[in-house]
file target_18.csv (CSV, N, CA, C and O atoms)
chain,number,residue,atom,x,y,z
T,1,MET,N,-40.4,7.0,54.7
T,1,MET,CA,-39.6,7.7,53.8
T,1,MET,C,-38.1,7.5,54.1
T,1,MET,O,-37.4,7.5,53.1
T,2,THR,N,-37.8,7.4,55.3
T,2,THR,CA,-36.4,7.2,55.6
T,2,THR,C,-35.8,5.9,55.0
T,2,THR,O,-34.7,5.9,54.6
T,3,PHE,N,-36.7,4.9,54.9
T,3,PHE,CA,-36.2,3.6,54.4
T,3,PHE,C,-36.0,3.7,52.9
T,3,PHE,O,-35.2,2.9,52.4
T,4,ARG,N,-36.6,4.6,52.2
T,4,ARG,CA,-36.4,4.7,50.8
T,4,ARG,C,-35.1,5.6,50.5
T,4,ARG,O,-34.4,5.3,49.5
T,5,ILE,N,-34.9,6.5,51.3
T,5,ILE,CA,-33.7,7.4,51.1
T,5,ILE,C,-32.4,6.6,51.5
T,5,ILE,O,-31.4,6.7,50.8
T,6,LEU,N,-32.4,5.9,52.6
T,6,LEU,CA,-31.2,5.2,53.0
T,6,LEU,C,-30.7,4.2,52.0
T,6,LEU,O,-29.5,4.3,51.7
T,7,PRO,N,-31.4,3.4,51.3
T,7,PRO,CA,-30.8,2.6,50.3
T,7,PRO,C,-30.2,3.4,49.1
T,7,PRO,O,-29.2,3.1,48.6
T,8,ALA,N,-30.9,4.5,48.8
T,8,ALA,CA,-30.4,5.3,47.7
T,8,ALA,C,-29.0,6.0,48.1
T,8,ALA,O,-28.1,6.0,47.3
T,9,LEU,N,-28.9,6.4,49.4
T,9,LEU,CA,-27.7,7.0,49.8
T,9,LEU,C,-26.6,6.0,49.9
T,9,LEU,O,-25.4,6.2,49.5
T,10,LEU,N,-26.9,4.8,50.3
T,10,LEU,CA,-26.0,3.7,50.4
T,10,LEU,C,-25.4,3.3,49.0
T,10,LEU,O,-24.2,3.2,48.8
T,11,LEU,N,-26.3,3.2,48.1
T,11,LEU,CA,-26.0,2.9,46.7
T,11,LEU,C,-25.1,4.0,46.1
T,11,LEU,O,-24.1,3.7,45.4
T,12,ALA,N,-25.4,5.3,46.4
T,12,ALA,CA,-24.5,6.4,45.9
T,12,ALA,C,-23.1,6.3,46.5
T,12,ALA,O,-22.1,6.6,45.9
T,13,ALA,N,-23.0,6.0,47.8
T,13,ALA,CA,-21.8,5.9,48.5
T,13,ALA,C,-20.9,4.8,47.9
T,13,ALA,O,-19.7,5.0,47.7
T,14,VAL,N,-21.5,3.7,47.6
T,14,VAL,CA,-20.8,2.5,47.1
T,14,VAL,C,-20.3,2.9,45.7
T,14,VAL,O,-19.2,2.6,45.3
T,15,ALA,N,-21.1,3.6,44.9
T,15,ALA,CA,-20.7,4.0,43.5
T,15,ALA,C,-19.5,4.9,43.6
T,15,ALA,O,-18.6,4.8,42.8
T,16,LEU,N,-19.5,5.9,44.5
T,16,LEU,CA,-18.4,6.8,44.6
T,16,LEU,C,-17.1,6.1,45.0
T,16,LEU,O,-16.0,6.4,44.5
T,17,LEU,N,-17.2,5.2,46.0
T,17,LEU,CA,-16.1,4.5,46.4
T,17,LEU,C,-15.5,3.5,45.4
T,17,LEU,O,-14.3,3.3,45.3
T,18,ALA,N,-16.4,3.0,44.6
T,18,ALA,CA,-15.9,2.0,43.5
T,18,ALA,C,-15.3,2.7,42.3
T,18,ALA,O,-14.6,2.1,41.6
T,19,ALA,N,-15.7,4.0,42.1
T,19,ALA,CA,-15.2,4.7,40.9
T,19,ALA,C,-13.7,4.9,41.0
T,19,ALA,O,-13.2,5.4,42.1
T,20,PRO,N,-12.9,4.7,40.0
T,20,PRO,CA,-11.5,5.0,40.1
T,20,PRO,C,-11.2,6.5,40.0
T,20,PRO,O,-12.0,7.2,39.6
T,21,PRO,N,-10.1,6.9,40.6
T,21,PRO,CA,-9.8,8.3,40.6
T,21,PRO,C,-9.7,8.9,39.1
T,21,PRO,O,-9.5,8.1,38.2
T,22,ALA,N,-9.8,10.1,39.0
T,22,ALA,CA,-9.8,10.8,37.7
T,22,ALA,C,-8.5,10.4,36.9
T,22,ALA,O,-8.5,10.2,35.7
T,23,ALA,N,-7.4,10.4,37.6
T,23,ALA,CA,-6.1,10.1,37.0
T,23,ALA,C,-6.1,8.7,36.4
T,23,ALA,O,-5.6,8.4,35.3
T,24,ALA,N,-6.7,7.7,37.1
T,24,ALA,CA,-6.8,6.4,36.6
T,24,ALA,C,-7.7,6.3,35.4
T,24,ALA,O,-7.5,5.4,34.5
T,25,GLN,N,-8.8,7.1,35.3
T,25,GLN,CA,-9.7,7.0,34.2
T,25,GLN,C,-9.1,7.5,32.9
T,25,GLN,O,-9.4,7.0,31.9
T,26,SER,N,-8.2,8.4,33.0
T,26,SER,CA,-7.6,9.0,31.8
T,26,SER,C,-6.4,8.3,31.3
T,26,SER,O,-5.7,8.7,30.4
T,27,TYR,N,-5.9,7.3,32.1
T,27,TYR,CA,-4.7,6.6,31.8
T,27,TYR,C,-4.8,5.7,30.6
T,27,TYR,O,-5.7,4.9,30.5
T,28,ASP,N,-3.9,5.8,29.6
T,28,ASP,CA,-3.9,5.0,28.5
T,28,ASP,C,-2.7,3.9,28.7
T,28,ASP,O,-1.6,4.3,28.6
T,29,PRO,N,-3.0,2.7,29.1
T,29,PRO,CA,-2.0,1.7,29.4
T,29,PRO,C,-1.0,1.5,28.3
T,29,PRO,O,-1.4,1.6,27.1
T,30,PRO,N,0.2,1.2,28.6
T,30,PRO,CA,1.2,0.9,27.5
T,30,PRO,C,0.8,-0.4,26.8
T,30,PRO,O,0.2,-1.3,27.4
T,31,SER,N,1.2,-0.4,25.5
T,31,SER,CA,0.9,-1.6,24.8
T,31,SER,C,2.2,-2.5,24.7
T,31,SER,O,3.3,-1.9,24.8
T,32,VAL,N,2.0,-3.8,24.6
T,32,VAL,CA,3.1,-4.7,24.5
T,32,VAL,C,3.1,-5.4,23.2
T,32,VAL,O,2.0,-5.9,22.8
T,33,ARG,N,4.2,-5.5,22.5
T,33,ARG,CA,4.3,-6.2,21.2
T,33,ARG,C,5.3,-7.3,21.3
T,33,ARG,O,6.5,-7.0,21.7
T,34,ALA,N,4.9,-8.5,21.1
T,34,ALA,CA,5.9,-9.6,21.2
T,34,ALA,C,6.6,-9.8,19.9
T,34,ALA,O,6.1,-9.5,18.8
T,35,VAL,N,7.9,-10.2,20.0
T,35,VAL,CA,8.7,-10.4,18.8
T,35,VAL,C,9.1,-11.9,18.8
T,35,VAL,O,9.4,-12.5,19.8
T,36,GLN,N,9.0,-12.5,17.6
T,36,GLN,CA,9.2,-13.9,17.4
T,36,GLN,C,10.7,-14.2,17.2
T,36,GLN,O,11.4,-13.4,16.5
T,37,LEU,N,11.2,-15.2,17.8
T,37,LEU,CA,12.6,-15.6,17.7
T,37,LEU,C,12.9,-16.0,16.2
T,37,LEU,O,12.0,-16.6,15.6
T,38,GLY,N,14.0,-15.6,15.7
T,38,GLY,CA,14.4,-16.0,14.3
T,38,GLY,C,14.8,-17.5,14.3
T,38,GLY,O,15.1,-18.1,15.3
T,39,GLU,N,14.9,-18.0,13.1
T,39,GLU,CA,15.4,-19.4,12.9
T,39,GLU,C,16.8,-19.6,13.5
T,39,GLU,O,17.7,-18.8,13.2
T,40,GLY,N,16.9,-20.5,14.4
T,40,GLY,CA,18.2,-20.8,15.1
T,40,GLY,C,18.5,-20.0,16.3
T,40,GLY,O,19.4,-20.2,17.0
T,41,GLU,N,17.7,-18.9,16.5
T,41,GLU,CA,17.9,-18.1,17.7
T,41,GLU,C,17.4,-18.8,19.0
T,41,GLU,O,16.4,-19.6,18.9
T,42,GLU,N,18.0,-18.6,20.1
T,42,GLU,CA,17.6,-19.2,21.3
T,42,GLU,C,17.8,-18.1,22.4
T,42,GLU,O,18.6,-17.2,22.3
T,43,ILE,N,17.0,-18.3,23.5
T,43,ILE,CA,17.1,-17.4,24.7
T,43,ILE,C,17.7,-18.3,25.8
T,43,ILE,O,17.2,-19.4,26.0
T,44,GLU,N,18.7,-17.8,26.4
T,44,GLU,CA,19.3,-18.5,27.5
T,44,GLU,C,18.8,-17.9,28.8
T,44,GLU,O,18.8,-16.7,29.0
T,45,LEU,N,18.2,-18.7,29.6
T,45,LEU,CA,17.6,-18.2,30.9
T,45,LEU,C,18.7,-18.0,31.9
T,45,LEU,O,18.9,-18.8,32.8
T,46,ASP,N,19.4,-16.9,31.8
T,46,ASP,CA,20.5,-16.6,32.7
T,46,ASP,C,20.3,-15.2,33.4
T,46,ASP,O,21.2,-14.8,34.1
T,47,GLY,N,19.1,-14.6,33.1
T,47,GLY,CA,18.9,-13.3,33.7
T,47,GLY,C,19.5,-12.1,33.0
T,47,GLY,O,19.3,-10.9,33.3
T,48,LEU,N,20.2,-12.4,31.9
T,48,LEU,CA,20.8,-11.3,31.1
T,48,LEU,C,20.0,-11.2,29.8
T,48,LEU,O,19.6,-12.2,29.2
T,49,LEU,N,19.7,-10.0,29.4
T,49,LEU,CA,19.0,-9.8,28.1
T,49,LEU,C,19.9,-9.4,27.0
T,49,LEU,O,19.8,-8.3,26.4
T,50,ASP,N,20.9,-10.2,26.8
T,50,ASP,CA,21.9,-9.9,25.8
T,50,ASP,C,21.7,-10.6,24.4
T,50,ASP,O,22.5,-10.4,23.5
T,51,GLU,N,20.6,-11.3,24.3
T,51,GLU,CA,20.3,-11.9,22.9
T,51,GLU,C,19.8,-10.8,22.0
T,51,GLU,O,19.1,-9.9,22.5
T,52,ALA,N,20.0,-11.0,20.7
T,52,ALA,CA,19.5,-10.0,19.8
T,52,ALA,C,18.0,-9.8,19.8
T,52,ALA,O,17.5,-8.7,19.5
T,53,ALA,N,17.3,-10.8,20.1
T,53,ALA,CA,15.8,-10.7,20.1
T,53,ALA,C,15.3,-9.7,21.1
T,53,ALA,O,14.4,-9.0,20.9
T,54,TRP,N,16.0,-9.6,22.3
T,54,TRP,CA,15.6,-8.6,23.3
T,54,TRP,C,15.8,-7.2,22.7
T,54,TRP,O,15.0,-6.3,23.1
T,55,ALA,N,16.8,-7.0,21.9
T,55,ALA,CA,17.0,-5.6,21.4
T,55,ALA,C,15.9,-5.3,20.3
T,55,ALA,O,15.6,-4.1,20.2
T,56,ARG,N,15.4,-6.3,19.6
T,56,ARG,CA,14.4,-6.1,18.6
T,56,ARG,C,13.0,-5.9,19.3
T,56,ARG,O,12.1,-5.3,18.7
T,57,ALA,N,12.8,-6.4,20.5
T,57,ALA,CA,11.5,-6.3,21.1
T,57,ALA,C,11.3,-4.9,21.7
T,57,ALA,O,12.1,-4.5,22.5
T,58,PRO,N,10.3,-4.2,21.3
T,58,PRO,CA,10.1,-2.9,21.9
T,58,PRO,C,9.7,-3.0,23.3
T,58,PRO,O,9.0,-3.9,23.8
T,59,ALA,N,10.2,-2.0,24.1
T,59,ALA,CA,10.0,-2.0,25.5
T,59,ALA,C,8.7,-1.3,25.8
T,59,ALA,O,8.4,-0.2,25.3
T,60,ALA,N,7.8,-1.9,26.6
T,60,ALA,CA,6.6,-1.2,27.1
T,60,ALA,C,7.0,-0.6,28.4
T,60,ALA,O,7.6,-1.2,29.3
T,61,SER,N,6.6,0.7,28.6
T,61,SER,CA,6.9,1.4,29.8
T,61,SER,C,5.8,2.4,30.1
T,61,SER,O,4.8,2.4,29.4
T,62,GLY,N,6.0,3.2,31.1
T,62,GLY,CA,4.9,4.2,31.5
T,62,GLY,C,3.8,3.6,32.3
T,62,GLY,O,2.7,4.1,32.2
T,63,PHE,N,4.1,2.6,33.1
T,63,PHE,CA,3.1,1.9,33.9
T,63,PHE,C,2.7,2.9,35.1
T,63,PHE,O,3.4,3.7,35.5
T,64,ARG,N,1.5,2.6,35.5
T,64,ARG,CA,0.9,3.3,36.7
T,64,ARG,C,0.8,2.4,37.9
T,64,ARG,O,0.6,1.2,37.7
T,65,GLN,N,0.8,2.9,39.0
T,65,GLN,CA,0.7,2.1,40.2
T,65,GLN,C,-0.8,1.9,40.7
T,65,GLN,O,-1.6,2.7,40.3
T,66,ARG,N,-1.0,0.8,41.4
T,66,ARG,CA,-2.3,0.5,41.9
T,66,ARG,C,-2.3,0.8,43.4
T,66,ARG,O,-3.3,1.2,44.0
T,67,GLU,N,-1.1,0.6,44.1
T,67,GLU,CA,-1.0,0.9,45.5
T,67,GLU,C,0.3,1.6,45.7
T,67,GLU,O,1.3,1.2,45.1
T,68,PRO,N,0.5,2.5,46.6
T,68,PRO,CA,-0.6,3.0,47.5
T,68,PRO,C,-1.5,4.1,46.8
T,68,PRO,O,-2.5,4.5,47.4
T,69,ALA,N,-1.1,4.7,45.7
T,69,ALA,CA,-1.8,5.8,45.1
T,69,ALA,C,-2.3,5.3,43.7
T,69,ALA,O,-1.5,5.4,42.7
T,70,VAL,N,-3.5,4.9,43.6
T,70,VAL,CA,-4.0,4.4,42.3
T,70,VAL,C,-3.9,5.5,41.2
T,70,VAL,O,-4.3,6.6,41.4
T,71,GLY,N,-3.3,5.1,40.1
T,71,GLY,CA,-3.2,5.9,38.9
T,71,GLY,C,-2.0,6.8,38.9
T,71,GLY,O,-1.8,7.5,37.8
T,72,GLU,N,-1.3,6.9,39.9
T,72,GLU,CA,0.0,7.7,39.9
T,72,GLU,C,1.1,7.0,39.1
T,72,GLU,O,1.0,5.8,39.0
T,73,PRO,N,2.0,7.8,38.6
T,73,PRO,CA,3.1,7.1,37.9
T,73,PRO,C,3.8,6.1,38.9
T,73,PRO,O,3.9,6.3,40.1
T,74,ALA,N,4.4,5.0,38.3
T,74,ALA,CA,5.1,4.0,39.1
T,74,ALA,C,6.3,4.7,39.8
T,74,ALA,O,6.9,5.5,39.2
T,75,THR,N,6.5,4.2,41.0
T,75,THR,CA,7.7,4.8,41.8
T,75,THR,C,9.0,4.2,41.3
T,75,THR,O,10.0,4.9,41.5
T,76,GLN,N,9.0,3.1,40.7
T,76,GLN,CA,10.2,2.5,40.1
T,76,GLN,C,10.0,2.3,38.6
T,76,GLN,O,9.0,1.8,38.2
T,77,PRO,N,11.0,2.8,37.9
T,77,PRO,CA,10.9,2.6,36.4
T,77,PRO,C,10.8,1.1,36.0
T,77,PRO,O,11.6,0.3,36.6
T,78,THR,N,9.9,0.8,35.1
T,78,THR,CA,9.7,-0.6,34.7
T,78,THR,C,9.6,-0.7,33.2
T,78,THR,O,8.9,0.1,32.6
T,79,GLU,N,10.2,-1.7,32.6
T,79,GLU,CA,10.1,-1.9,31.2
T,79,GLU,C,9.8,-3.4,31.0
T,79,GLU,O,10.3,-4.2,31.8
T,80,VAL,N,8.9,-3.7,30.1
T,80,VAL,CA,8.6,-5.1,29.8
T,80,VAL,C,8.8,-5.4,28.3
T,80,VAL,O,8.5,-4.6,27.5
T,81,ARG,N,9.5,-6.5,28.0
T,81,ARG,CA,9.7,-6.9,26.7
T,81,ARG,C,9.3,-8.4,26.5
T,81,ARG,O,9.4,-9.1,27.5
T,82,VAL,N,8.7,-8.7,25.4
T,82,VAL,CA,8.2,-10.1,25.2
T,82,VAL,C,8.7,-10.7,23.9
T,82,VAL,O,8.7,-10.0,22.9
T,83,VAL,N,9.3,-11.9,24.0
T,83,VAL,CA,9.8,-12.7,22.9
T,83,VAL,C,9.2,-14.0,23.0
T,83,VAL,O,8.9,-14.6,24.1
T,84,TYR,N,8.9,-14.7,21.8
T,84,TYR,CA,8.4,-16.0,21.8
T,84,TYR,C,8.9,-16.8,20.7
T,84,TYR,O,9.5,-16.3,19.7
T,85,ASP,N,8.8,-18.1,20.8
T,85,ASP,CA,9.1,-19.1,19.8
T,85,ASP,C,7.9,-20.0,19.7
T,85,ASP,O,6.8,-19.8,20.2
T,86,GLY,N,8.1,-21.2,19.0
T,86,GLY,CA,7.0,-22.1,18.8
T,86,GLY,C,6.4,-22.7,20.1
T,86,GLY,O,5.3,-23.3,20.1
T,87,THR,N,7.2,-22.7,21.2
T,87,THR,CA,6.7,-23.4,22.4
T,87,THR,C,6.8,-22.5,23.7
T,87,THR,O,6.2,-22.9,24.7
T,88,THR,N,7.5,-21.4,23.6
T,88,THR,CA,7.7,-20.7,24.8
T,88,THR,C,7.5,-19.2,24.7
T,88,THR,O,7.8,-18.6,23.6
T,89,LEU,N,7.0,-18.6,25.7
T,89,LEU,CA,6.8,-17.1,25.8
T,89,LEU,C,7.8,-16.6,26.9
T,89,LEU,O,7.8,-17.0,28.0
T,90,TYR,N,8.7,-15.7,26.4
T,90,TYR,CA,9.7,-15.1,27.3
T,90,TYR,C,9.3,-13.7,27.7
T,90,TYR,O,9.0,-12.9,26.8
T,91,VAL,N,9.3,-13.3,29.0
T,91,VAL,CA,8.9,-12.0,29.4
T,91,VAL,C,10.0,-11.4,30.3
T,91,VAL,O,10.5,-12.1,31.2
call {"tool": "encode", "arguments": {"input": "target_18.csv", "output": "structure tokens"}}
result
Amino acid sequence: MTFRILPALLLAAVALLAAPPAAAQSYDPPSVRAVQLGEGEEIELDGLLDEAAWARAPAASGFRQREPAVGEPATQPTEVRVVYDGTTLYV
């Protein structure tokens, strides 16, 4: 009988450890929407987001952390914007 209970207990322990915390389960991740560059628009890879396309691209924010505390709000504010053209994806 001990041999039948032990695998069941082991399986239950693995299931509990693998389950994400309640905070992570209720988290609705931010959505990201890409904006296409207009005719004649270009992105200069200079680290500055001063092109008009970046202002048109909605910012995704509200990210959650994975480490050290799964599902908690990110410790550093983060925004993501995505712009694309016929050959390149800019993030």
call {"tool": "residues_near_point", "arguments": {"input": "target_18.csv", "point": "(1.8, 2.6, 32.7)", "cutoff": "5 Å", "atoms": "all atoms listed in the file", "output": "VMD selection string"}}
result
chain T and resid 30 61 to 64
call {"tool": "atom_distance", "arguments": {"input": "target_18.csv", "atom1": "atom CA of Tyr90 of chain T", "atom2": "atom CA of Trp54 of chain T"}}
result
9.6 Å
call {"tool": "atom_distance", "arguments": {"input": "target_18.csv", "atom1": "atom N of Ser31 of chain T", "atom2": "atom N of Tyr84 of chain T"}}
result
16.7 Å
call {"tool": "atom_distance", "arguments": {"input": "target_18.csv", "atom1": "atom CA of Leu37 of chain T", "atom2": "atom C of Glu79 of chain T"}}
result
18.3 Å
call {"tool": "closest_residue", "arguments": {"input": "target_18.csv", "among": "T:Glu41, T:Asp28, T:Gly47, T:Arg33", "to": "Val82 of chain T", "atoms": "all atoms listed in the file"}}
result
T:Arg33
call {"tool": "select_by_dssp", "arguments": {"input": "target_18.csv", "residues": "segment 38-90 of chain T", "states": "strand (DSSP E or B)", "output": "PyMOL selection string"}}
result
chain T and resi 60+64+73+80+82-84+89-90
call {"tool": "residues_around", "arguments": {"input": "target_18.csv", "residues": "Arg81 of chain T", "least_positions_apart": "5", "cutoff": "7 Å", "atoms": "all atoms listed in the file", "output": "ChimeraX atom specification"}}
result
/T:33-35,54,57-60,90-91
call {"tool": "decode", "arguments": {"input": "target_18.csv", "residues": "segment 55-66 of chain T", "atoms": "all heavy atoms", "output": "mmCIF file, in the first residue's frame"}}
result
data_model
loop_
_atom_site.group_PDB
_atom_site.id
_atom_site.type_symbol
_atom_site.label_atom_id
_atom_site.label_comp_id
_atom_site.auth_asym_id
_atom_site.auth_seq_id
_atom_site.Cartn_x
_atom_site.Cartn_y
_atom_site.Cartn_z
ATOM 1 N N ALA T 55 5.265 57.883 -32.165
ATOM 2 C CA ALA T 55 4.168 58.558 -31.461
ATOM 3 C C ALA T 55 2.819 57.931 -31.823
ATOM 4 O O ALA T 55 1.902 57.898 -31.004
ATOM 5 C CB ALA T 55 4.170 60.046 -31.797
ATOM 6 N N ARG T 56 2.696 57.414 -33.035
ATOM 7 C CA ARG T 56 1.455 56.753 -33.459
ATOM 8 C C ARG T 56 1.306 55.344 -32.892
ATOM 9 O O ARG T 56 0.193 54.841 -32.760
ATOM 10 C CB ARG T 56 1.393 56.663 -34.998
ATOM 11 C CG ARG T 56 1.201 57.980 -35.691
ATOM 12 C CD ARG T 56 0.812 57.802 -37.158
ATOM 13 N NE ARG T 56 1.518 56.753 -37.878
ATOM 14 C CZ ARG T 56 2.657 56.909 -38.557
ATOM 15 N NH1 ARG T 56 3.233 58.102 -38.600
ATOM 16 N NH2 ARG T 56 3.197 55.896 -39.205
ATOM 17 N N ALA T 57 2.420 54.705 -32.582
ATOM 18 C CA ALA T 57 2.376 53.327 -32.078
ATOM 19 C C ALA T 57 1.949 53.334 -30.610
ATOM 20 O O ALA T 57 2.587 53.985 -29.790
ATOM 21 C CB ALA T 57 3.743 52.676 -32.228
ATOM 22 N N PRO T 58 0.879 52.625 -30.276
ATOM 23 C CA PRO T 58 0.451 52.598 -28.874
ATOM 24 C C PRO T 58 1.464 51.842 -28.014
ATOM 25 O O PRO T 58 2.044 50.842 -28.443
ATOM 26 C CB PRO T 58 -0.886 51.851 -28.924
ATOM 27 C CG PRO T 58 -0.862 51.079 -30.189
ATOM 28 C CD PRO T 58 0.025 51.824 -31.138
ATOM 29 N N ALA T 59 1.680 52.342 -26.815
ATOM 30 C CA ALA T 59 2.635 51.721 -25.894
ATOM 31 C C ALA T 59 1.961 50.586 -25.126
ATOM 32 O O ALA T 59 0.876 50.757 -24.576
ATOM 33 C CB ALA T 59 3.181 52.752 -24.919
ATOM 34 N N ALA T 60 2.599 49.431 -25.121
ATOM 35 C CA ALA T 60 2.144 48.317 -24.281
ATOM 36 C C ALA T 60 2.893 48.449 -22.958
ATOM 37 O O ALA T 60 4.107 48.660 -22.934
ATOM 38 C CB ALA T 60 2.458 46.984 -24.944
ATOM 39 N N SER T 61 2.168 48.355 -21.849
ATOM 40 C CA SER T 61 2.792 48.463 -20.528
ATOM 41 C C SER T 61 2.006 47.592 -19.554
ATOM 42 O O SER T 61 1.094 46.887 -19.950
ATOM 43 C CB SER T 61 2.822 49.923 -20.072
ATOM 44 O OG SER T 61 1.498 50.420 -19.966
ATOM 45 N N GLY T 62 2.372 47.654 -18.304
ATOM 46 C CA GLY T 62 1.690 46.856 -17.296
ATOM 47 C C GLY T 62 2.228 45.432 -17.231
ATOM 48 O O GLY T 62 1.499 44.505 -16.903
ATOM 49 N N PHE T 63 3.502 45.268 -17.540
ATOM 50 C CA PHE T 63 4.104 43.943 -17.534
ATOM 51 C C PHE T 63 4.281 43.426 -16.104
ATOM 52 O O PHE T 63 4.370 44.197 -15.157
ATOM 53 C CB PHE T 63 5.464 43.974 -18.237
ATOM 54 C CG PHE T 63 5.340 44.293 -19.693
ATOM 55 C CD1 PHE T 63 5.515 45.588 -20.160
ATOM 56 C CD2 PHE T 63 5.036 43.302 -20.606
ATOM 57 C CE1 PHE T 63 5.396 45.892 -21.505
ATOM 58 C CE2 PHE T 63 4.906 43.591 -21.957
ATOM 59 C CZ PHE T 63 5.091 44.892 -22.400
ATOM 60 N N ARG T 64 4.348 42.120 -15.970
ATOM 61 C CA ARG T 64 4.577 41.453 -14.685
ATOM 62 C C ARG T 64 5.930 40.772 -14.728
ATOM 63 O O ARG T 64 6.420 40.397 -15.784
ATOM 64 C CB ARG T 64 3.485 40.404 -14.408
ATOM 65 C CG ARG T 64 2.090 40.971 -14.333
ATOM 66 C CD ARG T 64 1.929 41.765 -13.081
ATOM 67 N NE ARG T 64 0.583 42.297 -12.990
ATOM 68 C CZ ARG T 64 -0.051 42.453 -11.845
ATOM 69 N NH1 ARG T 64 0.520 42.139 -10.716
ATOM 70 N NH2 ARG T 64 -1.262 42.957 -11.834
ATOM 71 N N GLN T 65 6.527 40.596 -13.576
ATOM 72 C CA GLN T 65 7.839 39.965 -13.522
ATOM 73 C C GLN T 65 7.749 38.456 -13.382
ATOM 74 O O GLN T 65 6.734 37.915 -12.946
ATOM 75 C CB GLN T 65 8.667 40.548 -12.384
ATOM 76 C CG GLN T 65 8.073 40.343 -11.002
ATOM 77 C CD GLN T 65 8.951 40.943 -9.935
ATOM 78 O OE1 GLN T 65 10.095 40.553 -9.795
ATOM 79 N NE2 GLN T 65 8.405 41.890 -9.192
ATOM 80 N N ARG T 66 8.800 37.817 -13.795
ATOM 81 C CA ARG T 66 8.916 36.372 -13.664
ATOM 82 C C ARG T 66 9.842 36.036 -12.498
ATOM 83 O O ARG T 66 9.661 35.053 -11.808
ATOM 84 C CB ARG T 66 9.465 35.775 -14.948
ATOM 85 C CG ARG T 66 9.671 34.278 -14.869
ATOM 86 C CD ARG T 66 10.277 33.756 -16.123
ATOM 87 N NE ARG T 66 9.212 33.245 -16.972
ATOM 88 C CZ ARG T 66 9.411 32.732 -18.154
ATOM 89 N NH1 ARG T 66 10.616 32.690 -18.655
ATOM 90 N NH2 ARG T 66 8.416 32.256 -18.850
#
